[in-house]
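Enquirer: What follows is start-v1.txt; its format and atoms are compact mmCIF, C-alpha atoms.
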# COMPACT_ATOMS: atom_id res chain seq x y z
CA MET A 923 23.24 -2.43 7.35
CA PRO A 924 24.34 -4.81 4.56
CA ALA A 925 24.46 -3.10 1.22
CA PRO A 926 21.81 -4.22 -1.30
CA PRO A 927 23.20 -6.40 -4.11
CA ALA A 928 24.25 -4.59 -7.25
CA PRO A 929 21.47 -4.48 -9.89
CA ALA A 930 21.81 -7.03 -12.68
CA PRO A 931 22.69 -5.55 -16.08
CA PRO A 932 19.37 -4.37 -17.56
CA THR A 933 18.04 -6.25 -20.58
CA ALA A 934 15.67 -4.95 -23.24
CA ALA A 935 12.84 -6.31 -21.12
CA TRP A 936 13.88 -4.62 -17.96
CA ARG A 937 15.63 -1.47 -19.12
CA ALA A 938 14.82 1.64 -17.15
CA ALA A 939 16.18 5.13 -17.36
CA SER A 940 18.41 6.03 -14.44
CA TRP A 941 16.87 8.15 -11.75
CA ARG A 942 18.08 11.67 -11.23
CA ARG A 943 17.73 13.80 -8.21
CA HIS A 944 16.05 17.12 -8.72
CA ALA A 945 18.70 19.73 -8.51
CA SER A 946 17.96 22.16 -5.73
CA PRO A 947 18.22 25.79 -6.70
CA SER A 948 21.31 27.45 -5.34
CA ALA A 949 20.54 29.47 -2.28
CA ALA A 950 21.02 33.15 -2.77
CA SER A 951 23.88 34.44 -0.75
CA SER A 952 22.53 36.21 2.27
CA SER A 953 23.58 39.59 3.46
CA SER A 954 26.02 39.75 6.29
CA ASN A 955 23.56 42.11 7.96
CA PRO A 956 21.47 40.03 10.48
CA LYS A 957 18.44 42.31 9.95
CA SER A 958 18.50 41.68 6.20
CA PHE A 959 18.64 37.97 6.82
CA LEU A 960 15.65 38.11 9.16
CA LEU A 961 13.66 40.00 6.53
CA LEU A 962 14.52 37.44 3.87
CA LEU A 963 13.72 34.39 6.04
CA PRO A 964 9.89 34.59 5.82
CA VAL A 965 10.11 35.04 2.04
CA LEU A 966 12.31 31.96 1.70
CA LEU A 967 9.97 29.91 3.89
CA LEU A 968 6.96 30.94 1.81
CA LEU A 969 8.83 30.05 -1.37
CA LEU A 970 9.75 26.59 -0.03
CA PHE A 971 6.14 25.97 1.02
CA ALA A 972 4.86 26.98 -2.42
CA LEU A 973 7.33 24.66 -4.15
CA SER A 974 6.39 21.72 -1.90
CA ARG A 975 2.72 22.16 -2.82
CA ALA A 976 3.20 22.65 -6.54
CA PRO A 977 0.89 20.13 -8.29
CA ASP A 978 3.01 19.71 -11.37
CA LEU A 979 6.29 18.73 -9.74
CA THR A 980 7.38 15.45 -11.32
CA PHE A 981 10.28 13.13 -11.44
CA SER A 982 12.80 13.61 -14.23
CA SER A 983 11.35 13.82 -17.73
CA ILE A 984 13.71 11.13 -18.97
CA PRO A 985 11.94 8.92 -21.56
CA THR A 986 10.05 6.09 -19.90
CA SER A 987 10.47 2.37 -20.38
CA THR A 988 8.68 1.12 -23.50
CA ALA A 989 7.85 -2.36 -22.20
CA THR A 990 4.22 -3.17 -23.01
CA VAL A 991 1.92 -6.14 -23.13
CA ALA A 992 2.18 -6.09 -26.90
CA ASP A 993 5.95 -6.51 -27.27
CA ALA A 994 6.22 -10.03 -25.86
CA ALA A 995 9.44 -10.72 -27.73
CA ASP A 996 11.22 -7.92 -25.88
CA ALA A 997 9.50 -7.76 -22.51
CA ASP A 998 9.33 -11.48 -21.67
CA VAL A 999 6.67 -10.61 -19.10
CA SER A 1000 3.82 -10.06 -21.52
CA PRO A 1001 1.37 -12.33 -23.33
CA SER A 1002 0.91 -13.16 -26.97
CA SER A 1003 -2.17 -10.93 -27.19
CA ASP A 1004 -2.08 -7.50 -28.77
CA ILE A 1005 -3.60 -5.75 -25.74
CA LEU A 1006 -1.62 -2.71 -24.69
CA LEU A 1007 -0.80 -2.30 -21.03
CA ARG A 1008 2.02 0.01 -20.16
CA PRO A 1009 3.92 -0.24 -16.88
CA PHE A 1010 3.28 2.67 -14.52
CA ASP A 1011 5.57 5.58 -15.40
CA CYS A 1012 7.12 7.04 -12.26
CA TYR A 1013 8.78 9.79 -14.32
CA ALA A 1014 5.46 11.13 -15.62
CA SER A 1015 3.66 10.85 -12.28
CA PRO A 1016 3.29 13.80 -9.90
CA GLN A 1017 5.77 13.29 -7.09
CA ALA A 1018 4.41 12.19 -3.72
CA SER A 1019 4.83 14.85 -1.05
CA PRO A 1020 5.94 14.69 1.66
CA VAL A 1021 8.07 11.56 1.47
CA VAL A 1022 8.31 9.74 4.80
CA ALA A 1023 10.50 6.67 4.36
CA ASN A 1024 12.79 4.54 6.47
CA LEU A 1025 14.57 1.20 6.64
CA VAL A 1026 12.68 -1.85 7.91
CA GLU A 1027 13.91 -3.42 11.13
CA GLY A 1028 14.76 -7.06 11.68
CA VAL A 1029 14.89 -8.50 8.15
CA PRO A 1030 17.95 -10.29 6.70
CA HIS A 1031 18.02 -7.93 3.70
CA PRO A 1032 17.00 -4.41 4.83
CA PHE A 1033 15.08 -2.15 2.46
CA PHE A 1034 13.26 1.18 2.46
CA TYR A 1035 9.59 1.81 2.01
CA SER A 1036 7.58 5.01 2.04
CA LEU A 1037 4.33 5.62 3.96
CA ALA A 1038 1.13 6.32 2.03
CA ASP A 1039 -1.04 6.96 5.12
CA MET A 1040 0.37 9.37 7.70
CA GLY A 1041 -2.22 8.87 10.42
CA ALA A 1042 -4.32 11.72 11.84
CA LEU A 1043 -1.70 14.45 11.84
CA PRO A 1044 -0.65 16.23 13.99
CA ASP A 1045 -2.41 14.66 16.99
CA HIS A 1046 -2.19 10.96 16.07
CA PRO A 1047 0.63 10.32 13.60
CA HIS A 1048 1.23 6.89 12.11
CA LYS A 1049 3.14 4.68 14.57
CA ASN A 1050 6.07 4.44 12.17
CA ILE A 1051 6.36 8.24 12.09
CA ALA A 1052 6.67 8.18 15.87
CA ARG A 1053 9.34 5.48 15.57
CA LEU A 1054 11.22 7.53 12.98
CA LEU A 1055 11.29 10.56 15.30
CA LYS A 1056 12.74 8.34 18.03
CA GLY A 1057 15.52 7.15 15.74
CA LYS A 1058 14.00 3.69 15.27
CA ARG A 1059 13.45 1.82 12.01
CA PHE A 1060 9.99 1.04 10.63
CA ARG A 1061 8.37 -1.98 12.22
CA LYS A 1062 8.94 -5.19 10.26
CA PRO A 1063 5.91 -6.20 8.16
CA ASP A 1064 5.14 -9.91 8.49
CA ILE A 1065 4.93 -10.36 4.72
CA SER A 1066 8.44 -8.92 4.24
CA GLU A 1067 9.97 -11.42 6.63
CA THR A 1068 8.01 -14.28 5.06
CA ILE A 1069 9.05 -13.35 1.50
CA GLN A 1070 12.74 -13.15 2.39
CA GLU A 1071 12.62 -16.37 4.39
CA LEU A 1072 11.07 -18.29 1.49
CA LEU A 1073 13.20 -16.76 -1.27
CA GLY A 1074 16.33 -17.33 0.77
CA GLY A 1075 15.42 -21.00 1.11
CA GLU A 1076 13.66 -23.62 -0.94
CA VAL A 1077 11.62 -21.27 -3.15
CA GLY A 1078 14.56 -19.14 -4.31
CA ARG A 1079 16.91 -22.13 -4.36
CA GLY A 1080 19.73 -19.68 -3.66
CA ASP A 1081 19.61 -18.28 -7.20
CA ALA A 1082 17.87 -14.98 -7.96
CA SER A 1083 18.95 -14.85 -11.60
CA GLY A 1084 16.00 -15.22 -13.93
CA GLY A 1085 13.48 -15.69 -11.14
CA VAL A 1086 10.34 -13.53 -10.99
CA VAL A 1087 8.11 -12.72 -8.03
CA VAL A 1088 4.56 -11.56 -8.81
CA ASP A 1089 3.11 -9.17 -6.20
CA VAL A 1090 -0.65 -8.62 -6.57
CA GLY A 1091 -1.98 -5.90 -4.31
CA ALA A 1092 1.49 -4.44 -3.85
CA ASN A 1093 0.38 -1.56 -1.59
CA VAL A 1094 3.59 0.45 -0.99
CA GLY A 1095 5.96 -2.39 -1.90
CA MET A 1096 6.62 -4.23 1.37
CA ALA A 1097 6.71 -7.57 -0.47
CA SER A 1098 8.08 -6.22 -3.77
CA PHE A 1099 11.13 -4.57 -2.23
CA ALA A 1100 11.79 -7.46 0.15
CA ALA A 1101 12.28 -9.59 -3.00
CA ALA A 1102 13.95 -6.97 -5.21
CA VAL A 1103 16.81 -6.18 -2.79
CA MET A 1104 17.65 -9.89 -2.82
CA GLY A 1105 18.17 -9.71 -6.58
CA PHE A 1106 14.82 -11.10 -7.75
CA ARG A 1107 12.80 -9.44 -10.49
CA VAL A 1108 9.32 -8.29 -9.51
CA VAL A 1109 6.10 -7.73 -11.47
CA ALA A 1110 3.71 -5.80 -9.23
CA PHE A 1111 0.05 -4.77 -9.56
CA GLU A 1112 -1.45 -1.89 -7.55
CA PRO A 1113 -4.67 -0.02 -8.46
CA VAL A 1114 -4.45 2.78 -5.84
CA PHE A 1115 -2.62 5.78 -7.28
CA GLU A 1116 -1.28 7.06 -3.94
CA ASN A 1117 0.31 3.68 -3.27
CA LEU A 1118 1.91 3.70 -6.72
CA GLN A 1119 3.61 6.99 -5.91
CA ARG A 1120 5.12 5.40 -2.80
CA ILE A 1121 6.30 2.42 -4.81
CA CYS A 1122 8.11 4.91 -7.04
CA ASP A 1123 9.78 6.33 -3.92
CA GLY A 1124 10.90 2.85 -2.93
CA VAL A 1125 12.20 1.97 -6.37
CA TYR A 1126 14.51 4.98 -6.19
CA LEU A 1127 15.51 4.62 -2.52
CA ASN A 1128 16.34 0.91 -2.91
CA ARG A 1129 18.07 1.39 -6.31
CA VAL A 1130 16.02 -1.42 -7.89
CA GLN A 1131 14.67 0.37 -10.97
CA GLY A 1132 16.07 -2.41 -13.18
CA ARG A 1133 14.19 -5.10 -11.26
CA VAL A 1134 10.69 -3.80 -10.50
CA LEU A 1135 7.93 -3.47 -13.09
CA VAL A 1136 4.65 -2.15 -11.70
CA TYR A 1137 1.23 -1.91 -13.33
CA HIS A 1138 -1.51 0.56 -12.39
CA ALA A 1139 -4.24 -2.07 -12.51
CA ALA A 1140 -6.21 -4.54 -10.44
CA ALA A 1141 -5.44 -8.14 -11.35
CA SER A 1142 -8.68 -10.00 -12.05
CA ASP A 1143 -10.23 -12.67 -14.29
CA ARG A 1144 -11.09 -10.36 -17.18
CA ILE A 1145 -9.84 -7.33 -19.08
CA GLY A 1146 -11.77 -4.13 -18.54
CA ASN A 1147 -12.61 -1.67 -15.77
CA ILE A 1148 -14.14 -1.98 -12.34
CA THR A 1149 -15.10 0.32 -9.49
CA MET A 1150 -13.00 -0.04 -6.36
CA HIS A 1151 -13.38 1.69 -3.00
CA LYS A 1152 -10.48 3.60 -1.44
CA VAL A 1153 -10.47 3.91 2.34
CA ILE A 1154 -8.95 7.29 3.15
CA GLY A 1155 -6.42 6.98 5.96
CA ARG A 1156 -6.16 3.21 5.43
CA LEU A 1157 -5.36 2.78 1.76
CA ASP A 1158 -4.11 -0.75 2.49
CA ASN A 1159 -7.75 -1.68 3.17
CA SER A 1160 -9.08 -0.41 -0.16
CA ALA A 1161 -11.14 -3.09 -1.91
CA ILE A 1162 -13.30 -3.88 -4.93
CA SER A 1163 -16.17 -4.63 -2.56
CA ALA A 1164 -17.60 -1.56 -0.81
CA THR A 1165 -18.61 -3.80 2.10
CA GLY A 1166 -15.13 -5.31 2.32
CA ALA A 1167 -13.48 -1.90 2.25
CA LYS A 1168 -15.46 -0.76 5.29
CA LEU A 1169 -15.27 -3.94 7.40
CA ALA A 1170 -12.35 -2.85 9.58
CA PHE A 1171 -12.57 0.95 9.37
CA LYS A 1172 -16.23 1.92 9.25
CA SER A 1173 -15.61 5.54 10.30
CA ASN A 1174 -13.11 6.30 7.51
CA GLU A 1175 -14.17 8.12 4.37
CA GLU A 1176 -14.55 5.89 1.32
CA ILE A 1177 -14.12 7.08 -2.27
CA ALA A 1178 -15.20 5.07 -5.33
CA VAL A 1179 -12.78 5.13 -8.27
CA VAL A 1180 -12.70 3.28 -11.59
CA VAL A 1181 -9.57 1.17 -12.19
CA SER A 1182 -8.35 -1.06 -15.01
CA THR A 1183 -8.41 -4.84 -14.62
CA ILE A 1184 -6.14 -7.39 -16.27
CA PRO A 1185 -5.63 -11.17 -15.81
CA LEU A 1186 -2.14 -12.30 -14.81
CA ASP A 1187 -2.20 -14.69 -17.79
CA GLU A 1188 -2.34 -11.61 -20.04
CA VAL A 1189 0.86 -10.19 -18.54
CA ILE A 1190 3.10 -13.11 -17.60
CA ALA A 1191 4.64 -14.88 -20.58
CA ASP A 1192 4.59 -18.68 -20.79
CA THR A 1193 8.39 -18.70 -20.92
CA GLU A 1194 8.84 -16.63 -17.76
CA ARG A 1195 10.18 -18.48 -14.72
CA VAL A 1196 7.86 -17.43 -11.89
CA LEU A 1197 9.01 -18.47 -8.42
CA MET A 1198 6.27 -16.98 -6.30
CA VAL A 1199 2.88 -15.31 -6.55
CA LYS A 1200 1.71 -13.24 -3.56
CA ILE A 1201 -1.92 -12.01 -3.55
CA ASP A 1202 -3.46 -9.65 -0.98
CA VAL A 1203 -6.50 -7.92 -2.48
CA GLN A 1204 -9.07 -7.70 0.33
CA GLY A 1205 -11.42 -10.44 -0.79
CA TRP A 1206 -10.84 -10.35 -4.57
CA GLU A 1207 -8.40 -13.30 -4.44
CA TYR A 1208 -10.66 -15.79 -6.24
CA HIS A 1209 -10.91 -13.56 -9.31
CA VAL A 1210 -7.15 -13.00 -9.37
CA LEU A 1211 -6.51 -16.74 -9.17
CA ARG A 1212 -8.96 -17.52 -11.97
CA GLY A 1213 -7.19 -14.94 -14.13
CA ALA A 1214 -3.96 -16.86 -13.55
CA SER A 1215 -5.29 -20.31 -14.51
CA LYS A 1216 -2.63 -20.90 -17.16
CA LEU A 1217 0.21 -19.79 -14.88
CA LEU A 1218 -1.04 -21.93 -12.00
CA SER A 1219 -1.56 -24.96 -14.26
CA ARG A 1220 2.17 -25.35 -14.84
CA THR A 1221 3.62 -28.70 -13.85
CA LYS A 1222 5.09 -29.43 -10.43
CA GLY A 1223 8.55 -27.88 -10.27
CA GLU A 1224 7.53 -25.12 -12.69
CA ALA A 1225 4.40 -23.87 -10.89
CA PRO A 1226 4.99 -20.92 -8.53
CA TYR A 1227 4.80 -21.01 -4.75
CA LEU A 1228 1.47 -19.36 -3.91
CA ILE A 1229 0.61 -17.04 -1.01
CA TYR A 1230 -2.83 -15.47 -0.81
CA GLU A 1231 -4.90 -13.83 1.92
CA GLU A 1232 -7.70 -16.15 3.05
CA ASP A 1233 -10.01 -13.94 5.12
CA GLU A 1234 -13.50 -15.44 5.04
CA ARG A 1235 -15.25 -12.15 5.90
CA LEU A 1236 -13.57 -10.31 3.02
CA LEU A 1237 -14.18 -13.21 0.63
CA LEU A 1238 -17.88 -13.32 1.49
CA ALA A 1239 -18.11 -9.56 0.90
CA SER A 1240 -16.92 -10.30 -2.66
CA ASN A 1241 -19.40 -13.20 -3.06
CA THR A 1242 -16.77 -15.93 -2.88
CA SER A 1243 -15.46 -18.23 -0.16
CA ALA A 1244 -12.33 -19.99 1.03
CA GLN A 1245 -13.85 -23.32 -0.03
CA GLU A 1246 -14.47 -22.03 -3.56
CA ILE A 1247 -10.82 -20.98 -3.80
CA ARG A 1248 -9.55 -24.31 -2.48
CA THR A 1249 -11.73 -26.19 -4.98
CA PHE A 1250 -10.37 -24.11 -7.85
CA LEU A 1251 -6.77 -24.52 -6.71
CA SER A 1252 -7.25 -28.28 -6.48
CA SER A 1253 -8.46 -28.28 -10.10
CA VAL A 1254 -5.11 -26.81 -11.23
CA GLY A 1255 -3.01 -29.10 -9.03
CA TYR A 1256 -2.50 -27.12 -5.81
CA ASN A 1257 -3.49 -29.76 -3.26
CA ASP A 1258 -1.09 -28.83 -0.46
CA CYS A 1259 -2.26 -25.65 1.32
CA ILE A 1260 -1.50 -24.61 4.90
CA ARG A 1261 -2.58 -21.55 6.89
CA ARG A 1262 -0.02 -19.11 8.26
CA GLY A 1263 -1.94 -16.43 10.10
CA THR A 1264 -4.55 -15.04 7.69
CA ASP A 1265 -2.58 -16.24 4.65
CA ALA A 1266 -2.71 -19.56 2.82
CA HIS A 1267 0.54 -21.03 1.43
CA CYS A 1268 0.04 -23.50 -1.42
CA THR A 1269 2.31 -25.77 -3.45
CA LYS A 1270 2.01 -28.81 -5.70
CA GLU A 1271 3.72 -31.25 -3.34
Before anything else, please render the file you have as structure tokens.

Expert:
Amino acid sequence: MPAPPAPAPPTAAWRAASWRRHASPSAASSSSNPKSFLLLLPVLLLLLFALSRAPDLTFSSIPTSTATVADAADADVSPSSDILLRPFDCYASPQASPVVANLVEGVPHPFFYSLADMGALPDHPHKNIARLLKGKRFRKPDISETIQELLGGEVGRGDASGGVVVDVGANVGMASFAAAVMGFRVVAFEPVFENLQRICDGVYLNRVQGRVLVYHAAASDRIGNITMHKVIGRLDNSAISATGAKLAFKSNEEIAVVVSTIPLDEVIADTERVLMVKIDVQGWEYHVLRGASKLLSRTKGEAPYLIYEEDERLLLASNTSAQEIRTFLSSVGYNDCIRRGTDAHCTKE
């Protein structure tokens, strides 16, 4: 496996405290008497179980990054408004448990990601858990291969320095880490808390804490709050629309939660060089795009390469349509869009 590139020296905008492993308590020396050891074994197992279930286990309490939407002069990824939006703090978050992570197969720049949904354990584990037990890597996500192909070619122009990738609907980081291990900076948005925990796992495992900034929010066309619907067992299908959330997995439990919303134009500074925007938000794409009108209105050569999911069923569940999106994109200069699977790829050619 090729080693990931060394992180660029952190700036004030992208500083992050170094991660520390939790020190494991030293094991008490066992008695040389086998009977004593057997008596101690159940106690040790119970203790380990209790520690693994402790609700207040966290990452290191090192002070968190202070980058906010308000300090545009320092962060360089925030707007001129005085709205406060802090990046998600992995250090203050309860640690995800258990952590099931592995390298991705078949990509030019391998990276780790951690599963948020484990399947129906123990009878029907997630397919990647079965692969892990067989000594195989996680199956390659299509978006990871696409991101690396584009950033390694015309979009990245062979230079990761100063280039930013915006990942909206980051899930567990399959697009974010594909870009970050290549040296690109990433600004990610993910409203589902369980997915955020897994992104924190990936930030540590891939050693990209100086490159990835993630927000616990749903990108949209206005600042505020909105109810979204989590699909238990398929968190990647969670959606703002209750109908959209249940389209593919009608039998799964759905939980309504209130999440913050923020337009991309309120987070991405005018001076930031954005190479790519990837959006996968289960039918909410139109609202995300409208909230990025200023970013998308940049001139040809400065406007980002755009990838968004164009699933008509999900769009209709959110009271929008593919045609409405194409009309809007045309109004800001994106007249060249092609379909690749369920995604649309758009540029200002």

Enquirer: Write out as a ChimeraX atom specification the residues lying within 12 Å of stretch 1166-1181 of chain A, counting only C-alpha atoms and excluding same-chain residues fewer than 5 positions away.

Expert: /A:1041-1042,1111-1115,1137-1142,1145-1161,1203-1206,1233-1242

Enquirer: Centre and edge lengths of an axis-aligned box around all listed atoms of stretch 1167-1185 of chain A, with 4 Å added on each side, are to be given in Å to one decimal, as JSON.

Expert:
{"center_x": -10.9, "center_y": -1.5, "center_z": -3.0, "size_x": 18.6, "size_y": 27.3, "size_z": 34.6}

Enquirer: Of the residues A:Ala1164, A:Asn1257, A:Val1086, A:Gly1057, which is the one nearest to A:Ala1191, using only C-alpha atoms?

Expert: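 Closest to A:Ala1191, using only C-alpha atoms: A:Val1086.
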
Enquirer: Using all atoms listed in the file, what does the table of stretch 1117-1176 of chain A residues within 12 Å of stretch 1006-1025 of chain A look like, with each row giving the shortest atom pair and its distance in Å to one decimal, sorted by chain and ascending number, as a tab-separated table?

Expert:
residue	atom	partner	partner_atom	distance
A:Asn1117	CA	A:Ala1018	CA	9.5
A:Leu1118	CA	A:Phe1010	CA	8.0
A:Gln1119	CA	A:Ala1018	CA	5.7
A:Arg1120	CA	A:Ala1018	CA	6.9
A:Ile1121	CA	A:Cys1012	CA	8.8
A:Cys1122	CA	A:Cys1012	CA	5.7
A:Asp1123	CA	A:Val1021	CA	7.7
A:Gly1124	CA	A:Ala1023	CA	8.2
A:Val1125	CA	A:Cys1012	CA	9.3
A:Tyr1126	CA	A:Cys1012	CA	9.8
A:Leu1127	CA	A:Ala1023	CA	8.8
A:Asn1128	CA	A:Leu1025	CA	9.7
A:Gln1131	CA	A:Cys1012	CA	10.2
A:Val1134	CA	A:Pro1009	CA	10.0
A:Leu1135	CA	A:Pro1009	CA	6.4
A:Val1136	CA	A:Pro1009	CA	5.6
A:Tyr1137	CA	A:Pro1009	CA	4.8
A:His1138	CA	A:Phe1010	CA	5.7
A:Ala1139	CA	A:Phe1010	CA	9.1
A:Ile1145	CA	A:Leu1007	CA	10.5
A:Gly1146	CA	A:Leu1007	CA	11.4

Enquirer: Would you list the contacts of stretch 1246-1256 of chain A as JSON, numbers by chain, taking every protein, DNA or RNA residue within 10 Å and counting only C-alpha atoms, but skipping same-chain residues closer than 2 positions in sequence?

Expert: {"A": [1207, 1208, 1209, 1211, 1212, 1215, 1216, 1217, 1218, 1219, 1220, 1221, 1222, 1225, 1227, 1228, 1232, 1237, 1242, 1243, 1244, 1258, 1259, 1266, 1267, 1268, 1269, 1270, 1271]}

Enquirer: Write out as a VMD selection string each polymer residue whose atoms come within 8 Å of A:Arg1059, counting only C-alpha atoms; drop sequence neighbours fewer than 4 positions from it.

Expert: chain A and resid 1024 to 1027 1050 1053 to 1054

Enquirer: May I have the residues from that selection written out with C-alpha atoms, as a CSV table (one decimal), in the frame of the given file?

Expert:
chain,number,residue,atom,x,y,z
A,1024,ASN,CA,12.8,4.5,6.5
A,1025,LEU,CA,14.6,1.2,6.6
A,1026,VAL,CA,12.7,-1.8,7.9
A,1027,GLU,CA,13.9,-3.4,11.1
A,1050,ASN,CA,6.1,4.4,12.2
A,1053,ARG,CA,9.3,5.5,15.6
A,1054,LEU,CA,11.2,7.5,13.0

Enquirer: What does the structure give for the distance between atom CA of A:Val1103 and atom CA of A:Val1090, in Å to one decimal?

Expert: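 Distance reported for this atom pair: 18.0 Å.
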
Enquirer: At what distance in Å, to one decimal, does atom CA of A:Thr1165 lie from atom CA of A:Thr1183?

Expert: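 Atom-to-atom, atom CA of A:Thr1183 to atom CA of A:Thr1165, that is 19.6 Å.
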
Enquirer: Distance atom CA of A:Ile1065-atom CA of A:Val1029, one decimal place?

Expert: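 For atom CA of A:Ile1065 relative to atom CA of A:Val1029, the distance reads 10.7 Å.
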